[in-house]
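As provided, query.txt (compact mmCIF, C-alpha atoms) reads as follows.
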```txt
# COMPACT_ATOMS: atom_id res chain seq x y z
CA ASP T 1 114.09 88.05 102.99
CA GLY T 2 111.52 90.82 102.95
CA GLY T 3 111.12 92.82 99.80
CA ILE T 4 109.32 93.56 96.57
CA THR T 5 109.50 91.14 93.64
CA GLN T 6 108.72 92.23 90.11
CA SER T 7 108.42 89.81 87.21
CA PRO T 8 109.30 89.37 84.50
CA LYS T 9 112.48 91.43 84.46
CA TYR T 10 112.41 91.74 80.67
CA LEU T 11 109.36 91.40 78.45
CA PHE T 12 108.79 91.73 74.72
CA ARG T 13 105.35 92.30 73.29
CA LYS T 14 103.88 92.65 69.85
CA GLU T 15 101.74 95.65 69.11
CA GLY T 16 98.09 95.06 69.93
CA GLN T 17 98.75 92.61 72.77
CA ASN T 18 97.96 93.16 76.42
CA VAL T 19 100.66 92.26 78.95
CA THR T 20 100.54 91.93 82.72
CA LEU T 21 103.44 92.83 85.01
CA SER T 22 103.57 91.20 88.41
CA CYS T 23 104.42 92.92 91.69
CA GLU T 24 104.47 91.02 94.99
CA GLN T 25 105.59 92.30 98.40
CA ASN T 26 106.08 90.48 101.70
CA LEU T 27 106.62 93.61 103.78
CA ASN T 28 103.01 93.71 105.00
CA HIS T 29 102.67 97.16 103.46
CA ASP T 30 99.26 98.72 102.91
CA ALA T 31 100.11 101.06 100.03
CA MET T 32 101.46 100.03 96.62
CA TYR T 33 102.45 102.08 93.58
CA TRP T 34 103.24 101.67 89.89
CA TYR T 35 105.56 104.07 88.07
CA ARG T 36 106.81 104.37 84.54
CA GLN T 37 110.30 105.64 83.69
CA ASP T 38 111.44 106.67 80.22
CA PRO T 39 115.13 107.10 79.30
CA GLY T 40 116.68 110.07 81.06
CA GLN T 41 113.42 110.90 82.81
CA GLY T 42 112.09 110.78 86.31
CA LEU T 43 109.28 108.51 87.47
CA ARG T 44 105.66 109.12 86.51
CA LEU T 45 102.84 107.71 88.60
CA ILE T 46 100.46 105.32 86.82
CA TYR T 47 98.26 103.93 89.62
CA TYR T 48 98.43 103.55 93.37
CA SER T 49 96.49 101.62 95.99
CA GLN T 50 96.16 102.55 99.63
CA ILE T 51 94.29 99.43 100.70
CA VAL T 52 92.97 96.12 99.37
CA ASN T 53 90.12 96.42 96.84
CA ASP T 54 90.78 100.11 96.26
CA PHE T 55 93.07 102.01 93.88
CA GLN T 56 93.48 105.51 92.46
CA LYS T 57 94.61 106.85 89.10
CA GLY T 58 97.95 108.56 88.92
CA ASP T 59 99.05 111.14 86.36
CA ILE T 60 99.31 108.76 83.36
CA ALA T 61 96.68 106.03 83.92
CA GLU T 62 95.33 105.94 80.35
CA GLY T 63 96.00 102.59 78.67
CA TYR T 64 96.78 100.81 81.95
CA SER T 65 94.70 98.81 84.43
CA VAL T 66 95.36 97.39 87.90
CA SER T 67 93.75 95.25 90.56
CA ARG T 68 94.32 94.89 94.30
CA GLU T 69 92.62 91.68 95.40
CA LYS T 70 95.31 90.75 97.93
CA LYS T 71 97.41 92.96 100.20
CA GLU T 72 100.67 91.55 98.89
CA SER T 73 99.91 91.76 95.16
CA PHE T 74 99.35 94.68 92.76
CA PRO T 75 99.55 93.56 89.10
CA LEU T 76 99.66 96.08 86.27
CA THR T 77 98.19 95.36 82.83
CA VAL T 78 99.50 97.35 79.91
CA THR T 79 96.70 97.30 77.38
CA SER T 80 96.78 97.71 73.61
CA ALA T 81 95.29 101.17 74.18
CA GLN T 82 98.60 102.42 75.60
CA LYS T 83 100.14 104.27 72.66
CA ASN T 84 103.78 104.15 73.70
CA PRO T 85 104.24 101.28 76.17
CA THR T 86 107.99 100.70 75.78
CA ALA T 87 109.45 101.77 79.13
CA PHE T 88 110.91 100.69 82.46
CA TYR T 89 108.16 99.92 84.98
CA LEU T 90 108.77 100.18 88.71
CA CYS T 91 106.60 98.92 91.55
CA ALA T 92 106.87 100.27 95.09
CA SER T 93 105.22 99.88 98.46
CA SER T 94 105.04 101.69 101.78
CA SER T 95 103.50 101.15 105.17
CA HIS T 96 100.56 103.12 106.52
CA TYR T 97 98.49 104.87 103.94
CA GLY T 98 97.62 108.35 105.13
CA ALA T 99 100.80 108.53 107.20
CA SER T 100 104.49 108.94 106.58
CA GLY T 101 105.89 105.55 105.60
CA GLU T 102 109.11 105.06 103.68
CA LEU T 103 108.78 103.97 100.04
CA PHE T 104 110.61 100.85 98.86
CA PHE T 105 111.09 99.70 95.26
CA GLY T 106 111.37 96.49 93.31
CA GLU T 107 114.06 95.97 90.66
CA GLY T 108 111.78 96.91 87.78
CA SER T 109 110.41 95.34 84.60
CA ARG T 110 111.60 96.48 81.20
CA LEU T 111 108.91 96.24 78.52
CA THR T 112 109.74 96.48 74.83
CA VAL T 113 107.05 96.59 72.19
CA LEU T 114 108.19 95.21 68.84
CA LYS F 1 98.75 119.52 91.12
CA GLN F 2 102.05 118.82 92.82
CA GLU F 3 105.14 119.52 90.74
CA VAL F 4 108.67 118.57 91.79
CA THR F 5 111.75 120.14 90.24
CA GLN F 6 115.37 119.13 90.67
CA ILE F 7 118.31 121.36 89.92
CA PRO F 8 120.82 120.85 88.42
CA ALA F 9 119.86 118.14 85.92
CA ALA F 10 123.47 116.97 85.78
CA LEU F 11 126.59 117.65 87.80
CA SER F 12 130.24 116.63 87.54
CA VAL F 13 132.63 117.29 90.41
CA PRO F 14 136.13 116.10 91.36
CA GLU F 15 136.43 113.42 94.00
CA GLY F 16 136.57 114.74 97.55
CA GLU F 17 134.40 117.80 97.03
CA ASN F 18 131.29 118.53 99.03
CA LEU F 19 128.16 119.10 96.95
CA VAL F 20 124.51 120.09 97.20
CA LEU F 21 121.56 118.83 95.19
CA ASN F 22 118.32 120.79 95.16
CA CYS F 23 114.68 119.77 95.10
CA SER F 24 111.68 122.10 95.07
CA PHE F 25 107.95 121.37 95.20
CA THR F 26 104.86 123.50 94.60
CA ASP F 27 102.40 122.21 97.22
CA SER F 28 103.64 122.37 100.80
CA ALA F 29 100.86 120.11 102.16
CA ILE F 30 103.03 117.01 102.29
CA TYR F 31 103.50 114.05 104.62
CA ASN F 32 107.17 113.54 103.85
CA LEU F 33 110.00 113.94 101.36
CA GLN F 34 112.34 111.12 100.40
CA TRP F 35 115.68 111.07 98.59
CA PHE F 36 116.64 108.09 96.42
CA ARG F 37 119.62 106.90 94.46
CA GLN F 38 119.29 105.05 91.14
CA ASP F 39 122.11 103.24 89.36
CA PRO F 40 121.73 102.70 85.58
CA GLY F 41 119.10 100.09 84.71
CA LYS F 42 118.27 99.43 88.36
CA GLY F 43 115.50 100.15 90.81
CA LEU F 44 115.63 102.93 93.38
CA THR F 45 117.42 102.76 96.73
CA SER F 46 116.11 104.89 99.58
CA LEU F 47 118.69 107.25 101.08
CA LEU F 48 116.84 109.49 103.51
CA LEU F 49 113.24 110.11 104.54
CA ILE F 50 112.26 113.43 106.14
CA GLN F 51 108.87 113.69 107.81
CA SER F 52 106.93 116.93 107.34
CA SER F 53 107.57 117.89 110.98
CA GLN F 54 111.35 117.45 110.67
CA ARG F 55 113.98 119.87 109.42
CA GLU F 56 116.76 117.46 108.53
CA GLN F 57 117.99 113.88 108.51
CA THR F 58 121.52 112.51 108.38
CA SER F 59 123.01 109.21 107.31
CA GLY F 60 126.76 108.90 107.11
CA ARG F 61 128.07 111.45 104.58
CA LEU F 62 124.54 112.43 103.54
CA ASN F 63 122.44 115.18 105.07
CA ALA F 64 119.01 116.17 103.80
CA SER F 65 117.15 119.28 104.88
CA LEU F 66 113.52 120.26 104.45
CA ASP F 67 111.95 123.71 104.44
CA LYS F 68 108.30 122.88 103.92
CA SER F 69 107.03 126.45 103.94
CA SER F 70 109.27 127.46 101.05
CA GLY F 71 108.86 124.11 99.26
CA ARG F 72 112.54 123.23 99.23
CA SER F 73 114.85 120.39 100.17
CA THR F 74 118.58 119.92 99.74
CA LEU F 75 120.73 116.82 99.77
CA TYR F 76 124.27 117.49 100.95
CA ILE F 77 126.97 114.93 100.12
CA ALA F 78 130.24 115.33 101.98
CA ALA F 79 133.64 114.21 100.69
CA SER F 80 132.28 112.78 97.44
CA GLN F 81 133.61 109.47 96.10
CA PRO F 82 133.48 107.84 92.63
CA GLY F 83 130.98 105.32 94.06
CA ASP F 84 128.55 108.18 94.63
CA SER F 85 128.09 108.50 90.87
CA ALA F 86 124.40 107.81 90.16
CA THR F 87 121.11 109.60 89.57
CA TYR F 88 119.57 111.14 92.67
CA LEU F 89 115.80 111.61 92.84
CA CYS F 90 113.58 113.31 95.34
CA ALA F 91 109.92 112.44 95.91
CA VAL F 92 107.17 114.11 97.93
CA ARG F 93 104.19 112.34 99.47
CA GLY F 94 101.01 114.42 99.44
CA ARG F 95 98.04 114.25 101.76
CA ASP F 96 96.27 112.07 99.17
CA ASP F 97 99.16 109.56 99.39
CA LYS F 98 100.26 110.40 95.85
CA ILE F 99 104.06 110.24 95.70
CA ILE F 100 105.46 112.51 92.99
CA PHE F 101 109.05 112.45 91.76
CA GLY F 102 111.38 115.00 90.28
CA LYS F 103 113.32 114.17 87.12
CA GLY F 104 116.53 113.63 89.05
CA THR F 105 120.09 114.92 89.08
CA ARG F 106 122.73 112.81 87.29
CA LEU F 107 125.87 113.01 89.38
CA HIS F 108 129.32 112.09 88.10
CA ILE F 109 132.27 112.09 90.51
CA LEU F 110 135.59 112.45 88.70
CA PRO F 111 138.42 110.27 90.12
```

Please, can you express the file's structure as structure tokens?
Amino acid sequence: DGGITQSPKYLFRKEGQNVTLSCEQNLNHDAMYWYRQDPGQGLRLIYYSQIVNDFQKGDIAEGYSVSREKKESFPLTVTSAQKNPTAFYLCASSSHYGASGELFFGEGSRLTVL
Amino acid sequence: KQEVTQIPAALSVPEGENLVLNCSFTDSAIYNLQWFRQDPGKGLTSLLLIQSSQREQTSGRLNASLDKSSGRSTLYIAASQPGDSATYLCAVRGRDDKIIFGKGTRLHILP
């Protein structure tokens, strides 16, 4: 089935450690997005990529890094520089950067820093 | 910078009532606006997508309208049911492909 797969679903990390969240899509979508959601809040944009080998900062990029080496993959690394990393992370994708494609989401990854 | 606001933040209505959720945005230069539903602890499910050239979209009991010039959208839910209880979020896609979300409206339908 076509869709977006995020892994792991739950992740625990010690302070000072980097962690990488995986996002894979088989929808042949050009654009991919990473969002962060805190309890009772909406989604805040971390990074997005319109095409392979290119990505743009969102509103809260500090302490995060991404890569887009393949069209279907957009991993997010939460670095030790991120001051408050405990959150629910959501990956999304849409067709046709620069046009009006529908956005689809994965099931999310919940990161807890101990 | 695009800002998206959703009013009300929370809403409780008896089953069977019709209701309206509101979404406003500050920059009218958008490609589209999308409404989502989120159940607790889950990802987002797309409900309706309205292109910038459209005025409304309908799916079953849901109808979404878009007034781009005034920076407003509404989501109308007819004959509400307990299964409609969830958080509803709107998102706008700008010309730079940034997709910005509102904080959502938590809807509770009373049986």

One decimal, Å: what's the distance from CA of Arg61 (chain F) over to CA of Leu19 (chain F), could you say?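 Going from CA of Arg61 (chain F) over to CA of Leu19 (chain F), I get 10.8 Å.
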
Using all atoms listed in the file, which protein or nucleic acid residues come within 10 Å of Val92 (chain F)? Drop anything in the same chain fewer than 3 positions from it, and give the result as an mmCIF file with C-alpha atoms, keeping the file's coordinate frame.
```cif
data_model
loop_
_atom_site.group_PDB
_atom_site.id
_atom_site.type_symbol
_atom_site.label_atom_id
_atom_site.label_comp_id
_atom_site.auth_asym_id
_atom_site.auth_seq_id
_atom_site.Cartn_x
_atom_site.Cartn_y
_atom_site.Cartn_z
ATOM 1 C CA GLN F 2 102.050 118.820 92.820
ATOM 2 C CA GLU F 3 105.140 119.520 90.740
ATOM 3 C CA VAL F 4 108.670 118.570 91.790
ATOM 4 C CA CYS F 23 114.680 119.770 95.100
ATOM 5 C CA SER F 24 111.680 122.100 95.070
ATOM 6 C CA PHE F 25 107.950 121.370 95.200
ATOM 7 C CA ASP F 27 102.400 122.210 97.220
ATOM 8 C CA SER F 28 103.640 122.370 100.800
ATOM 9 C CA ALA F 29 100.860 120.110 102.160
ATOM 10 C CA ILE F 30 103.030 117.010 102.290
ATOM 11 C CA TYR F 31 103.500 114.050 104.620
ATOM 12 C CA ASN F 32 107.170 113.540 103.850
ATOM 13 C CA LEU F 33 110.000 113.940 101.360
ATOM 14 C CA GLN F 34 112.340 111.120 100.400
ATOM 15 C CA TRP F 35 115.680 111.070 98.590
ATOM 16 C CA LEU F 49 113.240 110.110 104.540
ATOM 17 C CA ILE F 50 112.260 113.430 106.140
ATOM 18 C CA SER F 52 106.930 116.930 107.340
ATOM 19 C CA ARG F 95 98.040 114.250 101.760
ATOM 20 C CA ASP F 97 99.160 109.560 99.390
ATOM 21 C CA LYS F 98 100.260 110.400 95.850
ATOM 22 C CA ILE F 99 104.060 110.240 95.700
ATOM 23 C CA ILE F 100 105.460 112.510 92.990
ATOM 24 C CA PHE F 101 109.050 112.450 91.760
ATOM 25 C CA GLY F 102 111.380 115.000 90.280
#
```

Any idea what's packed within 7 Å of region 71-80 of chain F, counting all atoms listed in the file, ignoring anything in its chain fewer than 3 positions away? Could you give it as a PyMOL selection string? chain F and resi 15-26+28+61-68+84+109

Quick one: everything within 10 Å of Pro82 (chain F), counting only C-alpha atoms, minus sequence neighbours fewer than 3 positions away in the same chain. Send it as a ChimeraX atom specification. /F:13-16,85-86,107-111

Write down, as a ChimeraX atom specification, each residue of chain T that has any atom within 8 Å of an atom of chain F, counting only C-alpha atoms. /T:41-45,48,50,58,90,97-100,102-108

Those residues you just picked out, can you put them in a file as a compact mmCIF listing (two decimals), in the coordinates of the input with C-alpha atoms?
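Done, and the output landed in again-v6.txt:
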```txt
# COMPACT_ATOMS: atom_id res chain seq x y z
CA GLN T 41 113.42 110.90 82.81
CA GLY T 42 112.09 110.78 86.31
CA LEU T 43 109.28 108.51 87.47
CA ARG T 44 105.66 109.12 86.51
CA LEU T 45 102.84 107.71 88.60
CA TYR T 48 98.43 103.55 93.37
CA GLN T 50 96.16 102.55 99.63
CA GLY T 58 97.95 108.56 88.92
CA LEU T 90 108.77 100.18 88.71
CA TYR T 97 98.49 104.87 103.94
CA GLY T 98 97.62 108.35 105.13
CA ALA T 99 100.80 108.53 107.20
CA SER T 100 104.49 108.94 106.58
CA GLU T 102 109.11 105.06 103.68
CA LEU T 103 108.78 103.97 100.04
CA PHE T 104 110.61 100.85 98.86
CA PHE T 105 111.09 99.70 95.26
CA GLY T 106 111.37 96.49 93.31
CA GLU T 107 114.06 95.97 90.66
CA GLY T 108 111.78 96.91 87.78
```

Neighbours of point (111.4, 99.8, 83.7) within 8 Å, using all atoms listed in the file, written as number ranges by chain: T: 36-38, 87-90, 108-111; F: 41

By how many Å are CA of Val66 (chain T) and CA of Val19 (chain T) apart?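 Taking CA of Val66 (chain T) and CA of Val19 (chain T), their separation equals 11.6 Å.
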
Point (94.8, 97.2, 98.5) neighbourhood (9 Å, only C-alpha atoms) written as a ChimeraX atom specification: /T:30-32,48-55,67-74

Would you compute the distance between CA of Tyr35 (chain T) and CA of Gly83 (chain F)? Give it in Å to one decimal.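 Calculated distance between CA of Tyr35 (chain T) and CA of Gly83 (chain F) is 26.1 Å.
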
Closest of T:Ile4, T:Leu114, T:Ala61, T:Ile46 to Tyr33 (chain T) - atom-to-atom distances counting only C-alpha atoms: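 Of T:Ile4, T:Leu114, T:Ala61, T:Ile46, the one nearest Tyr33 (chain T), counting only C-alpha atoms, is T:Ile46.
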